[in-house]
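So this one's upload-v2.cif, mmCIF, C-alpha atoms and all ligand atoms:
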data_target
#
loop_
_atom_site.group_PDB
_atom_site.id
_atom_site.type_symbol
_atom_site.label_atom_id
_atom_site.label_comp_id
_atom_site.auth_asym_id
_atom_site.auth_seq_id
_atom_site.Cartn_x
_atom_site.Cartn_y
_atom_site.Cartn_z
ATOM 1 C CA MET R 1 -5.638 -3.849 10.499
ATOM 2 C CA GLU R 2 -3.264 -6.769 10.705
ATOM 3 C CA GLY R 3 0.344 -6.418 9.564
ATOM 4 C CA SER R 4 0.587 -8.723 6.585
ATOM 5 C CA GLU R 5 -2.919 -8.231 5.210
ATOM 6 C CA ILE R 6 -3.387 -6.957 1.663
ATOM 7 C CA LYS R 7 -6.413 -4.753 1.161
ATOM 8 C CA ASP R 8 -7.559 -4.931 -2.430
ATOM 9 C CA ASN R 9 -9.052 -1.518 -3.038
ATOM 10 C CA ASN R 10 -8.249 -1.176 -6.641
ATOM 11 C CA PRO R 11 -7.963 -4.311 -8.710
ATOM 12 C CA GLY R 12 -6.408 -4.163 -12.154
ATOM 13 C CA ALA R 13 -2.789 -3.230 -11.584
ATOM 14 C CA PRO R 14 -1.177 -1.794 -14.724
ATOM 15 C CA GLU R 15 0.527 -4.764 -16.389
ATOM 16 C CA VAL R 16 3.542 -2.657 -17.153
ATOM 17 C CA PHE R 17 4.623 -2.385 -13.512
ATOM 18 C CA GLU R 18 3.579 -5.931 -12.719
ATOM 19 C CA GLU R 19 5.777 -7.136 -15.565
ATOM 20 C CA TYR R 20 8.580 -4.751 -14.609
ATOM 21 C CA TRP R 21 8.772 -6.100 -11.069
ATOM 22 C CA GLY R 22 8.248 -9.665 -12.245
ATOM 23 C CA LYS R 23 11.452 -9.646 -14.216
ATOM 24 C CA MET R 24 13.688 -7.529 -11.971
ATOM 25 C CA GLU R 25 16.795 -9.524 -11.264
ATOM 26 C CA ASN R 26 17.596 -8.607 -7.668
ATOM 27 C CA HIS R 27 14.172 -7.405 -6.816
ATOM 28 C CA LEU R 28 14.076 -9.366 -3.606
ATOM 29 C CA ARG R 29 16.915 -7.514 -2.032
ATOM 30 C CA SER R 30 16.261 -4.293 -0.190
ATOM 31 C CA ARG R 31 18.803 -1.554 -0.828
ATOM 32 C CA TYR R 32 18.739 -0.078 2.650
ATOM 33 C CA SER R 33 18.671 -3.056 4.905
ATOM 34 C CA GLU R 34 22.246 -3.535 5.956
ATOM 35 C CA GLY R 35 22.213 -0.935 8.695
ATOM 36 C CA ASN R 36 25.500 0.350 7.322
ATOM 37 C CA ILE R 37 25.663 4.076 6.943
ATOM 38 C CA LEU R 38 28.762 3.710 4.770
ATOM 39 C CA ARG R 39 26.752 2.227 1.918
ATOM 40 C CA TYR R 40 25.772 4.893 -0.599
ATOM 41 C CA ASN R 41 22.007 4.238 -0.663
ATOM 42 C CA GLU R 42 21.743 3.996 3.095
ATOM 43 C CA TYR R 43 23.728 7.162 3.598
ATOM 44 C CA THR R 44 21.387 8.982 1.196
ATOM 45 C CA MET R 45 18.377 7.831 3.193
ATOM 46 C CA TYR R 46 20.160 8.773 6.405
ATOM 47 C CA LEU R 47 20.631 12.310 5.067
ATOM 48 C CA LEU R 48 16.968 12.461 4.093
ATOM 49 C CA ASN R 49 16.011 11.238 7.551
ATOM 50 C CA THR R 50 18.035 14.011 9.195
ATOM 51 C CA LEU R 51 16.427 16.570 6.883
ATOM 52 C CA ILE R 52 12.954 15.301 7.778
ATOM 53 C CA GLU R 53 13.821 15.493 11.473
ATOM 54 C CA GLU R 54 15.047 19.047 11.088
ATOM 55 C CA LEU R 55 11.988 20.128 9.132
ATOM 56 C CA THR R 56 9.564 18.527 11.548
ATOM 57 C CA SER R 57 11.664 19.263 14.667
ATOM 58 C CA GLN R 58 10.615 15.985 16.213
ATOM 59 C CA ASN R 59 12.152 12.630 16.751
ATOM 60 C CA SER R 60 10.959 9.962 14.421
ATOM 61 C CA ALA R 61 7.918 8.171 15.747
ATOM 62 C CA TYR R 62 5.891 9.058 12.679
ATOM 63 C CA HIS R 63 2.814 7.466 11.303
ATOM 64 C CA ALA R 64 3.763 7.508 7.644
ATOM 65 C CA VAL R 65 2.571 6.169 4.328
ATOM 66 C CA GLU R 66 4.654 5.494 1.241
ATOM 67 C CA LEU R 67 2.674 5.686 -1.992
ATOM 68 C CA GLY R 68 4.133 3.648 -4.874
ATOM 69 C CA CYS R 69 6.350 1.810 -2.418
ATOM 70 C CA GLY R 70 7.925 -0.707 -4.818
ATOM 71 C CA ARG R 71 10.132 -3.031 -2.787
ATOM 72 C CA GLY R 72 9.362 -0.906 0.253
ATOM 73 C CA ASP R 73 12.987 -0.264 1.001
ATOM 74 C CA SER R 74 12.584 3.443 1.804
ATOM 75 C CA SER R 75 9.800 2.611 4.254
ATOM 76 C CA LEU R 76 11.928 -0.179 5.642
ATOM 77 C CA PHE R 77 14.723 2.274 6.363
ATOM 78 C CA PHE R 78 12.323 4.468 8.338
ATOM 79 C CA ALA R 79 10.548 1.534 10.002
ATOM 80 C CA LYS R 80 13.908 0.455 11.397
ATOM 81 C CA ARG R 81 14.064 3.874 13.056
ATOM 82 C CA GLY R 82 10.708 3.449 14.747
ATOM 83 C CA TRP R 83 8.322 4.803 12.152
ATOM 84 C CA GLN R 84 5.001 3.112 11.715
ATOM 85 C CA THR R 85 4.806 2.757 7.947
ATOM 86 C CA VAL R 86 1.976 1.827 5.610
ATOM 87 C CA LEU R 87 2.934 0.677 2.111
ATOM 88 C CA VAL R 88 0.765 1.332 -0.941
ATOM 89 C CA ASP R 89 1.284 0.026 -4.458
ATOM 90 C CA LEU R 90 -0.834 -1.260 -7.312
ATOM 91 C CA SER R 91 1.461 -4.190 -7.985
ATOM 92 C CA GLU R 92 0.691 -7.317 -6.040
ATOM 93 C CA VAL R 93 4.056 -8.821 -6.987
ATOM 94 C CA VAL R 94 5.975 -5.963 -5.448
ATOM 95 C CA LEU R 95 3.820 -5.770 -2.320
ATOM 96 C CA HIS R 96 4.749 -9.379 -1.720
ATOM 97 C CA ILE R 97 8.429 -8.546 -2.201
ATOM 98 C CA ALA R 98 8.074 -5.644 0.246
ATOM 99 C CA LYS R 99 6.494 -7.945 2.814
ATOM 100 C CA GLN R 100 9.435 -10.313 2.467
ATOM 101 C CA ASN R 101 11.925 -7.467 2.897
ATOM 102 C CA PHE R 102 10.221 -6.425 6.128
ATOM 103 C CA ILE R 103 10.047 -9.995 7.421
ATOM 104 C CA ASP R 104 13.781 -10.427 6.714
ATOM 105 C CA GLN R 105 14.393 -7.541 9.094
ATOM 106 C CA GLY R 106 12.021 -8.884 11.751
ATOM 107 C CA LEU R 107 9.470 -6.165 11.002
ATOM 108 C CA SER R 108 5.944 -6.045 9.684
ATOM 109 C CA CYS R 109 4.044 -3.442 7.725
ATOM 110 C CA LEU R 110 0.547 -2.832 6.578
ATOM 111 C CA ARG R 111 0.349 -3.213 2.799
ATOM 112 C CA VAL R 112 -2.474 -1.754 0.808
ATOM 113 C CA LYS R 113 -3.087 -2.480 -2.848
ATOM 114 C CA ALA R 114 -4.515 0.756 -4.214
ATOM 115 C CA ASP R 115 -4.145 3.440 -6.830
ATOM 116 C CA ILE R 116 -2.219 6.295 -5.296
ATOM 117 C CA ARG R 117 -4.613 8.784 -6.874
ATOM 118 C CA ASN R 118 -7.452 7.345 -4.898
ATOM 119 C CA THR R 119 -6.485 5.675 -1.628
ATOM 120 C CA PRO R 120 -8.800 4.222 1.005
ATOM 121 C CA PHE R 121 -7.402 6.390 3.802
ATOM 122 C CA ASN R 122 -9.289 9.025 5.706
ATOM 123 C CA GLU R 123 -8.499 12.660 5.345
ATOM 124 C CA SER R 124 -5.664 13.880 7.592
ATOM 125 C CA GLU R 125 -4.494 10.421 8.636
ATOM 126 C CA PHE R 126 -0.687 10.615 8.419
ATOM 127 C CA ASP R 127 2.160 12.684 9.892
ATOM 128 C CA VAL R 128 4.306 12.020 6.840
ATOM 129 C CA VAL R 129 3.220 11.118 3.316
ATOM 130 C CA MET R 130 5.976 10.213 0.896
ATOM 131 C CA ASN R 131 6.957 8.647 -2.368
ATOM 132 C CA TYR R 132 10.192 8.006 -4.170
ATOM 133 C CA GLY R 133 10.550 7.770 -7.932
ATOM 134 C CA VAL R 134 6.851 7.637 -8.685
ATOM 135 C CA LEU R 135 5.522 11.055 -9.741
ATOM 136 C CA GLU R 136 7.566 11.154 -12.950
ATOM 137 C CA HIS R 137 5.523 8.210 -14.252
ATOM 138 C CA PHE R 138 2.367 10.349 -14.344
ATOM 139 C CA LYS R 139 1.608 12.635 -17.255
ATOM 140 C CA ASP R 140 0.123 15.015 -14.715
ATOM 141 C CA PRO R 141 1.189 14.377 -11.112
ATOM 142 C CA THR R 142 -1.479 16.723 -9.734
ATOM 143 C CA ASP R 143 -3.833 13.878 -8.778
ATOM 144 C CA PRO R 144 -1.297 11.796 -6.790
ATOM 145 C CA LEU R 145 0.023 14.957 -5.111
ATOM 146 C CA ALA R 146 -3.508 16.128 -4.259
ATOM 147 C CA GLU R 147 -4.237 12.705 -2.757
ATOM 148 C CA MET R 148 -1.020 12.910 -0.725
ATOM 149 C CA PHE R 149 -2.166 16.289 0.536
ATOM 150 C CA ARG R 150 -5.637 14.998 1.398
ATOM 151 C CA ILE R 151 -4.433 12.172 3.651
ATOM 152 C CA LEU R 152 -1.815 14.337 5.393
ATOM 153 C CA LYS R 153 -2.507 15.719 8.864
ATOM 154 C CA PRO R 154 -2.531 19.515 9.178
ATOM 155 C CA GLY R 155 1.071 20.448 9.986
ATOM 156 C CA GLY R 156 2.294 17.153 8.463
ATOM 157 C CA MET R 157 5.021 16.896 5.841
ATOM 158 C CA LEU R 158 4.915 15.629 2.280
ATOM 159 C CA PHE R 159 8.125 14.289 0.722
ATOM 160 C CA ALA R 160 8.725 12.997 -2.776
ATOM 161 C CA THR R 161 11.697 12.364 -4.981
ATOM 162 C CA VAL R 162 11.343 12.743 -8.701
ATOM 163 C CA VAL R 163 13.801 10.831 -10.844
ATOM 164 C CA TYR R 164 14.743 11.883 -14.345
ATOM 165 C CA THR R 165 16.825 9.544 -16.395
ATOM 166 C CA LYS R 166 16.929 11.702 -19.501
ATOM 167 C CA ARG R 167 18.595 14.878 -18.268
ATOM 168 C CA ILE R 168 22.336 15.399 -18.486
ATOM 169 C CA ASN R 169 24.060 15.883 -15.144
ATOM 170 C CA LEU R 170 27.085 14.674 -13.232
ATOM 171 C CA GLN R 171 25.503 11.256 -12.720
ATOM 172 C CA THR R 172 24.917 10.873 -16.471
ATOM 173 C CA LEU R 173 28.609 11.539 -17.075
ATOM 174 C CA VAL R 174 29.637 9.026 -14.438
ATOM 175 C CA ASP R 175 27.313 6.495 -16.043
ATOM 176 C CA TRP R 176 28.713 7.069 -19.517
ATOM 177 C CA LEU R 177 32.344 7.062 -18.480
ATOM 178 C CA TYR R 178 32.219 4.372 -15.843
ATOM 179 C CA HIS R 179 29.041 2.338 -15.338
ATOM 180 C CA ILE R 180 28.189 1.679 -18.985
ATOM 181 C CA PRO R 181 31.632 0.555 -20.173
ATOM 182 C CA GLY R 182 32.275 -1.232 -16.865
ATOM 183 C CA THR R 183 29.047 -3.243 -16.945
ATOM 184 C CA PHE R 184 29.402 -3.951 -20.647
ATOM 185 C CA ILE R 185 32.929 -5.310 -20.219
ATOM 186 C CA MET R 186 31.975 -7.259 -17.103
ATOM 187 C CA ASN R 187 28.996 -8.943 -18.810
ATOM 188 C CA LEU R 188 30.717 -9.596 -22.086
ATOM 189 C CA PHE R 189 34.164 -10.773 -21.021
ATOM 190 C CA ILE R 190 34.006 -11.800 -17.376
ATOM 191 C CA LYS R 191 30.462 -13.130 -16.851
ATOM 192 C CA ARG R 192 30.214 -14.097 -20.536
ATOM 193 C CA ARG R 193 26.636 -12.890 -20.856
ATOM 194 C CA PRO R 194 26.578 -11.034 -24.215
ATOM 195 C CA LYS R 195 22.761 -10.731 -24.204
ATOM 196 C CA MET R 196 22.841 -8.937 -20.853
ATOM 197 C CA ALA R 197 25.643 -6.657 -22.081
ATOM 198 C CA LEU R 198 23.562 -5.674 -25.094
ATOM 199 C CA LYS R 199 20.373 -5.241 -23.077
ATOM 200 C CA TYR R 200 22.160 -2.948 -20.652
ATOM 201 C CA ILE R 201 23.524 -0.714 -23.407
ATOM 202 C CA LYS R 202 20.148 -0.638 -25.158
ATOM 203 C CA GLY R 203 18.516 0.347 -21.881
ATOM 204 C CA TYR R 204 20.908 3.273 -21.476
ATOM 205 C CA LEU R 205 20.339 4.388 -25.045
ATOM 206 C CA GLY R 206 16.606 4.419 -24.350
ATOM 207 C CA PHE R 207 15.630 1.537 -26.665
ATOM 208 C CA ASN R 208 13.908 -0.557 -24.059
ATOM 209 C CA ASP R 209 12.332 2.141 -21.951
ATOM 210 C CA GLU R 210 9.434 0.305 -20.425
ATOM 211 C CA LEU R 211 8.235 3.002 -18.088
ATOM 212 C CA TYR R 212 6.699 6.292 -19.129
ATOM 213 C CA GLU R 213 8.484 9.390 -17.824
ATOM 214 C CA ASN R 214 7.006 12.879 -18.037
ATOM 215 C CA GLU R 215 9.082 15.937 -18.905
ATOM 216 C CA LEU R 216 7.871 18.390 -16.302
ATOM 217 C CA ASN R 217 10.338 20.896 -14.896
ATOM 218 C CA LEU R 218 10.891 22.468 -11.481
ATOM 219 C CA GLU R 219 8.430 25.288 -12.164
ATOM 220 C CA ASP R 220 5.702 22.819 -13.139
ATOM 221 C CA TYR R 221 6.089 21.018 -9.809
ATOM 222 C CA LEU R 222 6.167 24.296 -7.883
ATOM 223 C CA SER R 223 2.914 25.389 -9.469
ATOM 224 C CA ILE R 224 1.246 22.034 -8.665
ATOM 225 C CA MET R 225 2.405 22.276 -5.050
ATOM 226 C CA GLU R 226 0.939 25.741 -4.804
ATOM 227 C CA LYS R 227 -2.290 24.621 -6.465
ATOM 228 C CA ILE R 228 -2.911 21.738 -4.071
ATOM 229 C CA GLY R 229 -2.431 24.027 -1.068
ATOM 230 C CA LEU R 230 0.944 23.071 0.419
ATOM 231 C CA SER R 231 2.750 25.670 2.466
ATOM 232 C CA GLN R 232 6.522 26.065 2.962
ATOM 233 C CA PHE R 233 7.027 23.990 -0.138
ATOM 234 C CA HIS R 234 10.364 23.563 -1.788
ATOM 235 C CA ILE R 235 12.032 21.619 -4.551
ATOM 236 C CA MET R 236 15.732 20.941 -4.826
ATOM 237 C CA PRO R 237 18.257 18.634 -6.454
ATOM 238 C CA PHE R 238 18.610 15.555 -4.315
ATOM 239 C CA VAL R 239 22.130 14.371 -3.460
ATOM 240 C CA THR R 240 24.982 16.157 -5.148
ATOM 241 C CA ILE R 241 27.526 13.385 -5.137
ATOM 242 C CA PRO R 242 26.981 10.816 -7.877
ATOM 243 C CA TYR R 243 26.446 7.150 -7.213
ATOM 244 C CA LEU R 244 29.465 4.990 -8.099
ATOM 245 C CA ARG R 245 29.180 1.227 -8.192
ATOM 246 C CA LEU R 246 32.266 0.077 -6.307
ATOM 247 C CA PRO R 247 33.527 -2.974 -4.460
ATOM 248 C CA SER R 248 32.347 -2.826 -0.863
ATOM 249 C CA TYR R 249 35.615 -1.583 0.650
ATOM 250 C CA PHE R 250 35.987 1.258 -1.871
ATOM 251 C CA GLU R 251 32.331 2.176 -1.517
ATOM 252 C CA LYS R 252 32.847 2.646 2.218
ATOM 253 C CA LEU R 253 35.869 4.804 1.535
ATOM 254 C CA TYR R 254 33.909 6.847 -1.010
ATOM 255 C CA VAL R 255 30.934 7.326 1.316
ATOM 256 C CA GLY R 256 33.346 8.246 4.127
ATOM 257 C CA LEU R 257 34.659 11.055 1.922
ATOM 258 C CA ILE R 258 31.105 12.156 1.080
ATOM 259 C CA ARG R 259 30.289 12.287 4.789
ATOM 260 C CA ALA R 260 33.335 14.431 5.492
ATOM 261 C CA TYR R 261 32.370 16.709 2.597
ATOM 262 C CA CYS R 262 28.796 17.012 3.911
ATOM 263 C CA ARG R 263 30.046 17.919 7.371
ATOM 264 C CA VAL R 264 32.290 20.664 6.033
ATOM 265 C CA LYS R 265 29.554 21.881 3.705
ATOM 266 C CA ARG R 266 27.130 22.077 6.576
ATOM 267 C CA ARG R 267 29.547 24.147 8.657
ATOM 268 C CA VAL R 268 30.347 26.518 5.855
ATOM 269 C CA THR R 269 26.850 26.997 4.398
ATOM 270 C CA LYS R 270 24.917 26.515 7.683
ATOM 271 C CA ARG R 271 22.350 24.548 5.672
ATOM 272 C CA HIS R 272 21.462 20.912 5.527
ATOM 273 C CA PRO R 273 23.926 19.200 3.148
ATOM 274 C CA LEU R 274 21.099 17.925 0.958
ATOM 275 C CA CYS R 275 20.344 21.533 0.002
ATOM 276 C CA ALA R 276 22.673 21.036 -2.869
ATOM 277 C CA VAL R 277 23.906 22.713 -5.978
ATOM 278 C CA TRP R 278 22.662 21.448 -9.290
ATOM 279 C CA GLY R 279 24.482 18.618 -10.975
ATOM 280 C CA GLY R 280 24.551 15.519 -8.820
ATOM 281 C CA ARG R 281 22.209 12.617 -8.986
ATOM 282 C CA ARG R 282 19.273 12.686 -11.348
ATOM 283 C CA GLN R 283 16.667 13.324 -8.699
ATOM 284 C CA TRP R 284 14.782 16.192 -7.201
ATOM 285 C CA LEU R 285 13.409 16.278 -3.714
ATOM 286 C CA ILE R 286 10.030 17.907 -3.236
ATOM 287 C CA TYR R 287 8.705 18.750 0.162
ATOM 288 C CA GLY R 288 6.019 20.855 1.733
ATOM 289 C CA ARG R 289 3.716 21.108 4.701
ATOM 290 C CA LYS R 290 -0.043 20.951 4.998
ATOM 291 C CA PRO R 291 -1.039 24.197 6.692
ATOM 292 C CA SER R 292 -2.116 23.782 10.313
ATOM 293 C CA LEU R 293 -5.760 24.428 11.027
HETATM 294 C C1 LIG I 1 9.750 3.233 -10.289
HETATM 295 S S1 LIG I 1 8.877 2.412 -9.039
HETATM 296 C C2 LIG I 1 9.562 3.144 -7.559
HETATM 297 C C3 LIG I 1 9.418 2.221 -6.403
HETATM 298 C C4 LIG I 1 10.043 2.654 -5.089
HETATM 299 N N1 LIG I 1 9.427 3.826 -4.562
HETATM 300 C C5 LIG I 1 11.540 2.809 -5.200
HETATM 301 O O1 LIG I 1 12.059 3.885 -4.910
HETATM 302 O O2 LIG I 1 12.207 1.839 -5.561
HETATM 303 C C6 LIG I 1 7.235 3.095 -9.098
HETATM 304 C C7 LIG I 1 6.239 2.320 -8.262
HETATM 305 O O3 LIG I 1 4.980 2.963 -8.292
HETATM 306 C C8 LIG I 1 3.959 1.996 -8.479
HETATM 307 N N2 LIG I 1 2.838 2.668 -9.150
HETATM 308 C C9 LIG I 1 2.814 3.230 -10.358
HETATM 309 N N3 LIG I 1 1.629 3.781 -10.612
HETATM 310 C C10 LIG I 1 0.868 3.558 -9.521
HETATM 311 C C11 LIG I 1 -0.464 3.887 -9.154
HETATM 312 N N4 LIG I 1 -1.256 4.578 -9.980
HETATM 313 N N5 LIG I 1 -0.903 3.508 -7.932
HETATM 314 C C12 LIG I 1 -0.114 2.809 -7.093
HETATM 315 N N6 LIG I 1 1.158 2.477 -7.379
HETATM 316 C C13 LIG I 1 1.630 2.837 -8.576
HETATM 317 C C14 LIG I 1 4.590 0.911 -9.304
HETATM 318 O O4 LIG I 1 3.960 -0.345 -9.161
HETATM 319 C C15 LIG I 1 6.009 0.900 -8.750
HETATM 320 O O5 LIG I 1 6.149 0.008 -7.686
#
Spell out the structure here as structure tokens.
Ligand SMILES: C[S@@+](CC[C@H](N)C(=O)[O-])C[C@H]1O[C@@H](n2cnc3c(N)ncnc32)[C@H](O)[C@@H]1O
Amino acid sequence: MEGSEIKDNNPGAPEVFEEYWGKMENHLRSRYSEGNILRYNEYTMYLLNTLIEELTSQNSAYHAVELGCGRGDSSLFFAKRGWQTVLVDLSEVVLHIAKQNFIDQGLSCLRVKADIRNTPFNESEFDVVMNYGVLEHFKDPTDPLAEMFRILKPGGMLFATVVYTKRINLQTLVDWLYHIPGTFIMNLFIKRRPKMALKYIKGYLGFNDELYENELNLEDYLSIMEKIGLSQFHIMPFVTIPYLRLPSYFEKLYVGLIRAYCRVKRRVTKRHPLCAVWGGRRQWLIYGRKPSL
């Protein structure tokens, strides 16, 4: 199939996501495209990449699919490292954005418009099946996880991050003490955009939550992973060090410190630095393997 083609397998994208992407302010910009490991988001993906390499004990020429790809920036990160990535989303708007992000980096990707609970792929097609920040939007993520399992090759790896905005952790504290007042002050007094300032605060207080978020816990996910047949499955907090919005120079300094911390942590614990203690960012990482035949 040709790189920029959209296969329409499931018309009728939920308006909520279409609208969500339609009004995102910087939706065109990929978060992981600078090739700079000292940017927080890129460093996080870099850590994930090293974890995937360790778990699969291969170098990264994977045939992978990202389900619920959004802007496609996670796939873009991996595509820049040689992965062959297929992007799936129900939103046409965002698939177009993803295409643009790939083109900006001189890359192409196959985009498929489909429901991630029912994709057009054959059984056992991919080495890696992944999604980031998608499962929490399903009341019951069994169906998307079962579909991920179905299209995974025996021995292949499934990865997903689950984001929870409503739980209290270190990131919540950083947001309350730093991001919320900082953005409010910036919008109100410096950019002189009082409406934006108010919208931002309302968003944090949960008044304009547009997207549904389930309230499943770690045990719920573990039992689903067992039910669908994954082996060697695991769930863990993803990234201990909170995100801090900083001017570029300070961000590099901050990420430099995180890198040093991760190196020391690795030496002391002998585990991958993503295998973290509870408290950091509001995400979990789920992974597991499809048993070999
Ligand atoms: C919160 S966004 C996360 C996007 C991206 N993975 C990221 O990390 O930025 C969730 C994405 O899943 C897509 N999505 C939600 N339900 C879906 C479904 N049933 N089938 C396909 N895509 C879906 C939405 O359109 C949206 O792009």
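Rounded to one decimal, CA of Ser124 (chain R) and CA of Pro154 (chain R) lie 6.6 Å from each other.
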Closest of R:Phe121, R:Tyr200, R:Tyr20, R:Phe102 to Leu76 (chain R), counting only C-alpha atoms, is R:Phe102
Could you state the separation of CA of Gly82 (chain R) and atom S1 of ligand LIG 1 (chain I) in Å, given to one decimal place?
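Separating CA of Gly82 (chain R) from atom S1 of ligand LIG 1 (chain I) is a distance of 23.9 Å.
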For a quick check of understanding, using only C-alpha atoms, which of R:Ala197, R:Leu211, R:Leu230, R:Leu222 has the smallest distance to Phe149 (chain R)?
R:Leu230
Would you mind listing, for every residue of chain R within 8 Å of ligand LIG 1 (chain I), the two atoms forming the shortest contact and the distance between them in Å to one decimal, using all atoms listed in the file, sorted by chain and ascending residue number, as a tab-separated table?
residue	atom	partner	partner_atom	distance
R:Ala13	CA	I:LIG1	O4	7.7
R:Pro14	CA	I:LIG1	N3	7.5
R:Phe17	CA	I:LIG1	O4	4.9
R:Glu18	CA	I:LIG1	O4	6.6
R:Trp21	CA	I:LIG1	O5	7.5
R:Glu66	CA	I:LIG1	N1	7.7
R:Leu67	CA	I:LIG1	N6	6.5
R:Gly68	CA	I:LIG1	O3	3.6
R:Cys69	CA	I:LIG1	N1	4.3
R:Gly70	CA	I:LIG1	O5	3.4
R:Arg71	CA	I:LIG1	O2	6.0
R:Gly72	CA	I:LIG1	C4	6.5
R:Asp73	CA	I:LIG1	O2	6.9
R:Ser74	CA	I:LIG1	O1	6.7
R:Val88	CA	I:LIG1	C12	6.4
R:Asp89	CA	I:LIG1	N6	3.8
R:Leu90	CA	I:LIG1	C12	4.1
R:Ser91	CA	I:LIG1	O4	4.7
R:Val94	CA	I:LIG1	O5	6.4
R:Lys113	CA	I:LIG1	C12	7.4
R:Ala114	CA	I:LIG1	C12	5.6
R:Asp115	CA	I:LIG1	N5	3.4
R:Ile116	CA	I:LIG1	N5	4.1
R:Arg117	CA	I:LIG1	N4	6.2
R:Asn131	CA	I:LIG1	N1	5.8
R:Tyr132	CA	I:LIG1	N1	4.3
R:Gly133	CA	I:LIG1	C2	4.7
R:Val134	CA	I:LIG1	C6	4.6
R:His137	CA	I:LIG1	C9	6.9
R:Phe138	CA	I:LIG1	N3	7.6
R:Pro144	CA	I:LIG1	N4	7.9
R:Leu211	CA	I:LIG1	C1	7.9
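Put simply, the PyMOL selection byres (((chain R and resi 226) around 12) and not hetatm) on this file hits Thr142, Leu145, Ala146, Phe149, Glu219, Asp220, Tyr221, Leu222, Ser223, Ile224, Met225, Lys227, Ile228, Gly229, Leu230, Ser231, Gln232, Phe233, His234, Ile235, Tyr287, Gly288, Arg289, Lys290 and Pro291 of chain R.
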Can I get the residues of region 89-153 of chain R within 12 Å of region 42-54 of chain R, each with the closest pair of atoms and their distance in Å to one decimal, using only C-alpha atoms, sorted chain first then ascending number, as a tab-separated table?
residue	atom	partner	partner_atom	distance
R:Asp127	CA	R:Ile52	CA	11.3
R:Val128	CA	R:Ile52	CA	9.3
R:Val129	CA	R:Ile52	CA	11.5
R:Met130	CA	R:Ile52	CA	11.0
R:Tyr132	CA	R:Met45	CA	11.0
Between R:Ile241, R:Ile151, R:Val255, R:Leu87, which has the minimum distance to Thr172 (chain R) (counting only C-alpha atoms)?
R:Ile241
Report as a ChimeraX atom specification all protein, DNA and RNA residues lying within 10 Å of Tyr40 (chain R), evaluated on only C-alpha atoms, omitting residues in the same chain fewer than 5 positions from it.
/R:31-32,45-46,241-246,251-252,254-256,258
Take the point (6.8, -4.1, 10.7) as written in the file and pick out every residue within 10 Å of it, counting all atoms listed in the file; give the list as a VMD selection string.
chain R and resid 3 to 4 75 to 76 79 to 80 82 to 86 99 101 to 103 105 to 110
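Candidate residues R:Thr165, R:Asn122, R:Asn36, R:Asn41 were compared for distance to Glu215 (chain R), and the nearest is R:Thr165, using only C-alpha atoms.
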Using only C-alpha atoms - which residues lie no farther than 10 Å from the point (11.3, 19.5, -11.4) in the file's frame? Write them as a tab-separated table (two decimals) with C-alpha atoms, in the frame of the given file.
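File produced: out39.tsv:
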chain	number	residue	atom	x	y	z
R	136	GLU	CA	7.57	11.15	-12.95
R	161	THR	CA	11.70	12.36	-4.98
R	162	VAL	CA	11.34	12.74	-8.70
R	163	VAL	CA	13.80	10.83	-10.84
R	164	TYR	CA	14.74	11.88	-14.34
R	215	GLU	CA	9.08	15.94	-18.90
R	216	LEU	CA	7.87	18.39	-16.30
R	217	ASN	CA	10.34	20.90	-14.90
R	218	LEU	CA	10.89	22.47	-11.48
R	219	GLU	CA	8.43	25.29	-12.16
R	220	ASP	CA	5.70	22.82	-13.14
R	221	TYR	CA	6.09	21.02	-9.81
R	222	LEU	CA	6.17	24.30	-7.88
R	235	ILE	CA	12.03	21.62	-4.55
R	236	MET	CA	15.73	20.94	-4.83
R	237	PRO	CA	18.26	18.63	-6.45
R	283	GLN	CA	16.67	13.32	-8.70
R	284	TRP	CA	14.78	16.19	-7.20
R	285	LEU	CA	13.41	16.28	-3.71
R	286	ILE	CA	10.03	17.91	-3.24
